[in-house]
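The block underneath contains the structure these notes are about, expressed in C-alpha cells.
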Amino acid sequence: MLSADAFLFWFLAVLAILGGLGVLFLKSPLYAAFALILTMIGLAGLFATLGAFFLSGVQIIVYAGAVLVLFVMVLMLFDLKSEKMPFVKGTAAGFLKLVSVGLVAGILLGAVFVGVIKNANKSFMLTAAD
C-alpha cells in the first residue's frame with residue numbers, strides 16, 4: 001500500500017502530465033493556458049513533496065501567479081474566434097508539414113548523434129592513454 005507522501009507524489013505527477021497533455025491537445029488557447037496553470041500547480045506540489053519548498057513557492061508566485069495570468073489576460077483581450085487560421089487544412093498540406101518537421105528533427109538528431117560519437121571517441125582515447 002502507498003504511503004500518503006507517495007500517493008500525493010503520484011497524484012501530482014499524473015496531474016502535471018495530464019495538464020501538459022491538455023496544453024498540447026486542447027484547441028482553445030485559453031483552455032490550453034488554464035491547462036498550463038494546472039501543470040505549474042502540479043509541479044509546485046511535486047517540488048513541495050520532494051522538500052524543495054522554495055522552488056515550490058517560486059513556481060506558484062512567478063509562473064502560475066504572474067506569467068500565466070498575464071498570458072491569460074492577453075488571450076482574453078484578443079478575439080481569437082474571428083481570426084482565420086493561417087494554416088491550410090488538407091491531406092497534402094498536413095503531409096508536407098509532417099515531412100518538413102520530420103526532416104528538421106532528423107537533421108538535428110543526426111547532428112547530436114555525430115557530436116556525441118565524436119566526443120565519446122575523444123574521451124575514450126583520453127582515458128585509455130592515462
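Letters for chains follow the order of the C-alpha cells (A, B, ...), residue numbers begin at 1 for each chain, and ligand numbers begin at 1 in the order shown.
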Could you give me, as a PDB file with all heavy atoms, in the first residue's frame, the residues within 9 Å of region 15-29 of chain A, counting only C-alpha atoms and dropping anything in the same chain fewer than 5 positions from it?
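And here's out.pdb as it stands now:
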```
ATOM      1  N   TRP A  10       2.479  10.720  -6.613  1.00  0.00           N
ATOM      2  CA  TRP A  10       1.978  10.137  -7.857  1.00  0.00           C
ATOM      3  C   TRP A  10       0.745  10.874  -8.362  1.00  0.00           C
ATOM      4  O   TRP A  10       0.565  11.042  -9.573  1.00  0.00           O
ATOM      5  CB  TRP A  10       1.696   8.652  -7.688  1.00  0.00           C
ATOM      6  CG  TRP A  10       2.961   7.869  -7.639  1.00  0.00           C
ATOM      7  CD1 TRP A  10       3.525   7.274  -6.555  1.00  0.00           C
ATOM      8  CD2 TRP A  10       3.854   7.639  -8.731  1.00  0.00           C
ATOM      9  NE1 TRP A  10       4.712   6.682  -6.891  1.00  0.00           N
ATOM     10  CE2 TRP A  10       4.942   6.884  -8.235  1.00  0.00           C
ATOM     11  CE3 TRP A  10       3.860   7.987 -10.075  1.00  0.00           C
ATOM     12  CZ2 TRP A  10       6.002   6.490  -9.028  1.00  0.00           C
ATOM     13  CZ3 TRP A  10       4.918   7.590 -10.868  1.00  0.00           C
ATOM     14  CH2 TRP A  10       5.964   6.849 -10.356  1.00  0.00           C
ATOM     15  N   PHE A  34      -5.079  27.526 -19.279  1.00  0.00           N
ATOM     16  CA  PHE A  34      -5.567  27.005 -17.999  1.00  0.00           C
ATOM     17  C   PHE A  34      -4.930  25.651 -17.690  1.00  0.00           C
ATOM     18  O   PHE A  34      -4.597  25.358 -16.540  1.00  0.00           O
ATOM     19  CB  PHE A  34      -7.086  26.886 -18.001  1.00  0.00           C
ATOM     20  CG  PHE A  34      -7.796  28.209 -17.934  1.00  0.00           C
ATOM     21  CD1 PHE A  34      -8.992  28.395 -18.600  1.00  0.00           C
ATOM     22  CD2 PHE A  34      -7.278  29.264 -17.206  1.00  0.00           C
ATOM     23  CE1 PHE A  34      -9.651  29.605 -18.535  1.00  0.00           C
ATOM     24  CE2 PHE A  34      -7.924  30.476 -17.142  1.00  0.00           C
ATOM     25  CZ  PHE A  34      -9.112  30.664 -17.807  1.00  0.00           C
ATOM     26  N   ALA A  35      -4.759  24.829 -18.711  1.00  0.00           N
ATOM     27  CA  ALA A  35      -4.092  23.538 -18.502  1.00  0.00           C
ATOM     28  C   ALA A  35      -2.628  23.742 -18.117  1.00  0.00           C
ATOM     29  O   ALA A  35      -2.081  22.985 -17.318  1.00  0.00           O
ATOM     30  CB  ALA A  35      -4.197  22.682 -19.762  1.00  0.00           C
ATOM     31  N   LEU A  36      -1.998  24.779 -18.657  1.00  0.00           N
ATOM     32  CA  LEU A  36      -0.615  25.083 -18.288  1.00  0.00           C
ATOM     33  C   LEU A  36      -0.530  25.544 -16.834  1.00  0.00           C
ATOM     34  O   LEU A  36       0.415  25.203 -16.122  1.00  0.00           O
ATOM     35  CB  LEU A  36      -0.040  26.136 -19.233  1.00  0.00           C
ATOM     36  CG  LEU A  36       1.457  26.394 -19.159  1.00  0.00           C
ATOM     37  CD1 LEU A  36       2.245  25.121 -19.390  1.00  0.00           C
ATOM     38  CD2 LEU A  36       1.854  27.446 -20.168  1.00  0.00           C
ATOM     39  N   ILE A  37      -1.527  26.304 -16.375  1.00  0.00           N
ATOM     40  CA  ILE A  37      -1.577  26.692 -14.963  1.00  0.00           C
ATOM     41  C   ILE A  37      -1.715  25.446 -14.099  1.00  0.00           C
ATOM     42  O   ILE A  37      -1.050  25.314 -13.061  1.00  0.00           O
ATOM     43  CB  ILE A  37      -2.728  27.682 -14.718  1.00  0.00           C
ATOM     44  CG1 ILE A  37      -2.405  29.024 -15.356  1.00  0.00           C
ATOM     45  CG2 ILE A  37      -2.982  27.862 -13.224  1.00  0.00           C
ATOM     46  CD1 ILE A  37      -3.526  30.027 -15.303  1.00  0.00           C
ATOM     47  N   LEU A  38      -2.558  24.507 -14.528  1.00  0.00           N
ATOM     48  CA  LEU A  38      -2.719  23.253 -13.793  1.00  0.00           C
ATOM     49  C   LEU A  38      -1.396  22.483 -13.733  1.00  0.00           C
ATOM     50  O   LEU A  38      -1.032  21.926 -12.697  1.00  0.00           O
ATOM     51  CB  LEU A  38      -3.806  22.399 -14.449  1.00  0.00           C
ATOM     52  CG  LEU A  38      -4.150  21.087 -13.794  1.00  0.00           C
ATOM     53  CD1 LEU A  38      -4.863  21.344 -12.472  1.00  0.00           C
ATOM     54  CD2 LEU A  38      -5.026  20.266 -14.703  1.00  0.00           C
ATOM     55  N   THR A  39      -0.656  22.485 -14.827  1.00  0.00           N
ATOM     56  CA  THR A  39       0.650  21.826 -14.858  1.00  0.00           C
ATOM     57  C   THR A  39       1.622  22.488 -13.894  1.00  0.00           C
ATOM     58  O   THR A  39       2.340  21.811 -13.149  1.00  0.00           O
ATOM     59  CB  THR A  39       1.227  21.859 -16.286  1.00  0.00           C
ATOM     60  OG1 THR A  39       0.310  21.239 -17.169  1.00  0.00           O
ATOM     61  CG2 THR A  39       2.558  21.162 -16.362  1.00  0.00           C
ATOM     62  N   MET A  40       1.632  23.817 -13.874  1.00  0.00           N
ATOM     63  CA  MET A  40       2.544  24.528 -12.974  1.00  0.00           C
ATOM     64  C   MET A  40       2.190  24.285 -11.511  1.00  0.00           C
ATOM     65  O   MET A  40       3.077  24.152 -10.662  1.00  0.00           O
ATOM     66  CB  MET A  40       2.517  26.038 -13.269  1.00  0.00           C
ATOM     67  CG  MET A  40       3.068  26.391 -14.608  1.00  0.00           C
ATOM     68  SD  MET A  40       4.797  25.933 -14.740  1.00  0.00           S
ATOM     69  CE  MET A  40       5.050  26.122 -16.464  1.00  0.00           C
ATOM     70  N   ILE A  41       0.904  24.205 -11.200  1.00  0.00           N
ATOM     71  CA  ILE A  41       0.493  23.913  -9.829  1.00  0.00           C
ATOM     72  C   ILE A  41       0.894  22.482  -9.459  1.00  0.00           C
ATOM     73  O   ILE A  41       1.362  22.227  -8.337  1.00  0.00           O
ATOM     74  CB  ILE A  41      -1.017  24.155  -9.661  1.00  0.00           C
ATOM     75  CG1 ILE A  41      -1.299  25.666  -9.735  1.00  0.00           C
ATOM     76  CG2 ILE A  41      -1.527  23.585  -8.349  1.00  0.00           C
ATOM     77  CD1 ILE A  41      -2.753  26.016  -9.778  1.00  0.00           C
ATOM     78  N   GLY A  42       0.737  21.557 -10.391  1.00  0.00           N
ATOM     79  CA  GLY A  42       1.175  20.184 -10.135  1.00  0.00           C
ATOM     80  C   GLY A  42       2.676  20.094  -9.900  1.00  0.00           C
ATOM     81  O   GLY A  42       3.138  19.370  -9.010  1.00  0.00           O
ATOM     82  N   LEU A  43       3.451  20.845 -10.686  1.00  0.00           N
ATOM     83  CA  LEU A  43       4.905  20.851 -10.490  1.00  0.00           C
ATOM     84  C   LEU A  43       5.292  21.477  -9.159  1.00  0.00           C
ATOM     85  O   LEU A  43       6.221  21.009  -8.489  1.00  0.00           O
ATOM     86  CB  LEU A  43       5.584  21.595 -11.636  1.00  0.00           C
ATOM     87  CG  LEU A  43       5.617  20.875 -12.979  1.00  0.00           C
ATOM     88  CD1 LEU A  43       6.226  21.770 -14.040  1.00  0.00           C
ATOM     89  CD2 LEU A  43       6.376  19.588 -12.878  1.00  0.00           C
ATOM     90  N   LEU A  46       4.764  18.899  -6.624  1.00  0.00           N
ATOM     91  CA  LEU A  46       5.842  17.904  -6.683  1.00  0.00           C
ATOM     92  C   LEU A  46       7.102  18.418  -5.986  1.00  0.00           C
ATOM     93  O   LEU A  46       7.763  17.681  -5.258  1.00  0.00           O
ATOM     94  CB  LEU A  46       6.158  17.541  -8.132  1.00  0.00           C
ATOM     95  CG  LEU A  46       5.177  16.610  -8.822  1.00  0.00           C
ATOM     96  CD1 LEU A  46       5.508  16.491 -10.298  1.00  0.00           C
ATOM     97  CD2 LEU A  46       5.206  15.257  -8.171  1.00  0.00           C
ATOM     98  N   VAL A  72      -2.986  34.680 -19.879  1.00  0.00           N
ATOM     99  CA  VAL A  72      -4.439  34.505 -19.976  1.00  0.00           C
ATOM    100  C   VAL A  72      -5.120  35.843 -20.232  1.00  0.00           C
ATOM    101  O   VAL A  72      -6.057  35.931 -21.043  1.00  0.00           O
ATOM    102  CB  VAL A  72      -4.985  33.817 -18.705  1.00  0.00           C
ATOM    103  CG1 VAL A  72      -6.494  33.889 -18.644  1.00  0.00           C
ATOM    104  CG2 VAL A  72      -4.530  32.371 -18.662  1.00  0.00           C
ATOM    105  N   LEU A  75      -4.646  36.737 -23.858  1.00  0.00           N
ATOM    106  CA  LEU A  75      -5.508  35.910 -24.699  1.00  0.00           C
ATOM    107  C   LEU A  75      -6.963  36.364 -24.639  1.00  0.00           C
ATOM    108  O   LEU A  75      -7.677  36.323 -25.636  1.00  0.00           O
ATOM    109  CB  LEU A  75      -5.420  34.445 -24.277  1.00  0.00           C
ATOM    110  CG  LEU A  75      -4.177  33.694 -24.708  1.00  0.00           C
ATOM    111  CD1 LEU A  75      -4.182  32.297 -24.115  1.00  0.00           C
ATOM    112  CD2 LEU A  75      -4.094  33.621 -26.216  1.00  0.00           C
ATOM    113  N   LEU A  80     -10.025  35.689 -30.606  1.00  0.00           N
ATOM    114  CA  LEU A  80      -9.346  34.674 -31.408  1.00  0.00           C
ATOM    115  C   LEU A  80     -10.286  33.935 -32.349  1.00  0.00           C
ATOM    116  O   LEU A  80      -9.855  33.351 -33.318  1.00  0.00           O
ATOM    117  CB  LEU A  80      -8.646  33.669 -30.485  1.00  0.00           C
ATOM    118  CG  LEU A  80      -7.524  34.269 -29.643  1.00  0.00           C
ATOM    119  CD1 LEU A  80      -6.991  33.223 -28.682  1.00  0.00           C
ATOM    120  CD2 LEU A  80      -6.426  34.802 -30.512  1.00  0.00           C
TER     121      LEU A  80
END
```
For Leu55 (chain A): contacts at 10 Å, only C-alpha atoms, fewer than 3 positions along chain excluded, given as a PDB file with N, CA and C atoms, in the first residue's frame:
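After the write, out.pdb holds the following:
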```
ATOM      1  N   LEU A  43       3.451  20.845 -10.686  1.00  0.00           N
ATOM      2  CA  LEU A  43       4.905  20.851 -10.490  1.00  0.00           C
ATOM      3  C   LEU A  43       5.292  21.477  -9.159  1.00  0.00           C
ATOM      4  N   ALA A  44       4.578  22.519  -8.763  1.00  0.00           N
ATOM      5  CA  ALA A  44       4.858  23.134  -7.464  1.00  0.00           C
ATOM      6  C   ALA A  44       4.568  22.145  -6.339  1.00  0.00           C
ATOM      7  N   GLY A  45       3.500  21.380  -6.472  1.00  0.00           N
ATOM      8  CA  GLY A  45       3.205  20.352  -5.482  1.00  0.00           C
ATOM      9  C   GLY A  45       4.263  19.263  -5.457  1.00  0.00           C
ATOM     10  N   LEU A  46       4.764  18.899  -6.624  1.00  0.00           N
ATOM     11  CA  LEU A  46       5.842  17.904  -6.683  1.00  0.00           C
ATOM     12  C   LEU A  46       7.102  18.418  -5.986  1.00  0.00           C
ATOM     13  N   PHE A  47       7.433  19.684  -6.226  1.00  0.00           N
ATOM     14  CA  PHE A  47       8.584  20.256  -5.544  1.00  0.00           C
ATOM     15  C   PHE A  47       8.384  20.228  -4.028  1.00  0.00           C
ATOM     16  N   ALA A  48       7.158  20.527  -3.575  1.00  0.00           N
ATOM     17  CA  ALA A  48       6.881  20.535  -2.141  1.00  0.00           C
ATOM     18  C   ALA A  48       6.996  19.134  -1.553  1.00  0.00           C
ATOM     19  N   GLY A  51      10.522  18.220  -0.871  1.00  0.00           N
ATOM     20  CA  GLY A  51      11.221  19.006   0.135  1.00  0.00           C
ATOM     21  C   GLY A  51      11.811  20.302  -0.371  1.00  0.00           C
ATOM     22  N   ALA A  52      11.562  20.668  -1.621  1.00  0.00           N
ATOM     23  CA  ALA A  52      12.080  21.918  -2.179  1.00  0.00           C
ATOM     24  C   ALA A  52      10.988  22.980  -2.073  1.00  0.00           C
ATOM     25  N   VAL A  58       8.329  29.618  -5.538  1.00  0.00           N
ATOM     26  CA  VAL A  58       8.701  30.380  -6.733  1.00  0.00           C
ATOM     27  C   VAL A  58       7.870  29.929  -7.930  1.00  0.00           C
ATOM     28  N   GLN A  59       7.622  28.644  -8.028  1.00  0.00           N
ATOM     29  CA  GLN A  59       6.824  28.102  -9.129  1.00  0.00           C
ATOM     30  C   GLN A  59       5.417  28.705  -9.116  1.00  0.00           C
ATOM     31  N   ILE A  60       4.818  28.775  -7.949  1.00  0.00           N
ATOM     32  CA  ILE A  60       3.464  29.322  -7.845  1.00  0.00           C
ATOM     33  C   ILE A  60       3.466  30.826  -8.081  1.00  0.00           C
ATOM     34  N   ILE A  61       4.374  31.551  -7.405  1.00  0.00           N
ATOM     35  CA  ILE A  61       4.342  33.014  -7.481  1.00  0.00           C
ATOM     36  C   ILE A  61       4.755  33.514  -8.857  1.00  0.00           C
TER      37      ILE A  61
END
```
Write out as an MDAnalysis selection string all residues of chain A that backbone DSSP assigns to alpha helix (DSSP H). chainID A and resid 4:25 29:49 53:58 68:77 91:129
All residues 10 Å or closer to Leu50 (chain A), only C-alpha atoms, same chain fewer than 6 positions away omitted, as JSON, numbers by chain: {"A": [5, 9, 44, 56]}
For the selection just defined, write its residues with N, CA, C and O atoms to a file, as a PDB file, in the first residue's frame.
```
ATOM      1  N   ASP A   5       2.553  10.231   1.439  1.00  0.00           N
ATOM      2  CA  ASP A   5       3.501  11.016   0.642  1.00  0.00           C
ATOM      3  C   ASP A   5       3.645  10.460  -0.765  1.00  0.00           C
ATOM      4  O   ASP A   5       3.676  11.211  -1.748  1.00  0.00           O
ATOM      5  N   PHE A   9       2.573  12.298  -4.215  1.00  0.00           N
ATOM      6  CA  PHE A   9       3.553  12.474  -5.284  1.00  0.00           C
ATOM      7  C   PHE A   9       3.011  11.951  -6.611  1.00  0.00           C
ATOM      8  O   PHE A   9       3.068  12.637  -7.629  1.00  0.00           O
ATOM      9  N   ALA A  44       4.578  22.519  -8.763  1.00  0.00           N
ATOM     10  CA  ALA A  44       4.858  23.134  -7.464  1.00  0.00           C
ATOM     11  C   ALA A  44       4.568  22.145  -6.339  1.00  0.00           C
ATOM     12  O   ALA A  44       5.324  22.060  -5.364  1.00  0.00           O
ATOM     13  N   SER A  56       8.977  25.424  -4.830  1.00  0.00           N
ATOM     14  CA  SER A  56       7.522  25.324  -4.910  1.00  0.00           C
ATOM     15  C   SER A  56       6.880  26.707  -4.853  1.00  0.00           C
ATOM     16  O   SER A  56       5.985  27.022  -5.637  1.00  0.00           O
TER      17      SER A  56
END
```
What does the distance between CA of Val74 (chain A) and CA of Ala32 (chain A) come to in Å, to one decimal place?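 Value for the CA of Val74 (chain A)-CA of Ala32 (chain A) distance: 13.4 Å.
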Suppose you want the space between CA of Ala6 (chain A) and CA of Phe53 (chain A); what is it in Å? 17.0 Å
Using only C-alpha atoms, which residues sit within 10 Å of Met76 (chain A) once same-chain residues fewer than 5 positions away are excluded, as a PyMOL selection string? chain A and resi 29-30+70-71
Generate a file of the selected residues that holds C-alpha atoms, formatted as a PDB file, in the first residue's frame.
```pdb
ATOM      1  CA  PRO A  29      -5.588  28.778 -26.468  1.00  0.00           C
ATOM      2  CA  LEU A  30      -7.426  29.938 -23.348  1.00  0.00           C
ATOM      3  CA  LEU A  70      -0.633  37.753 -17.821  1.00  0.00           C
ATOM      4  CA  PHE A  71      -0.771  35.270 -20.702  1.00  0.00           C
TER       5      PHE A  71
END
```
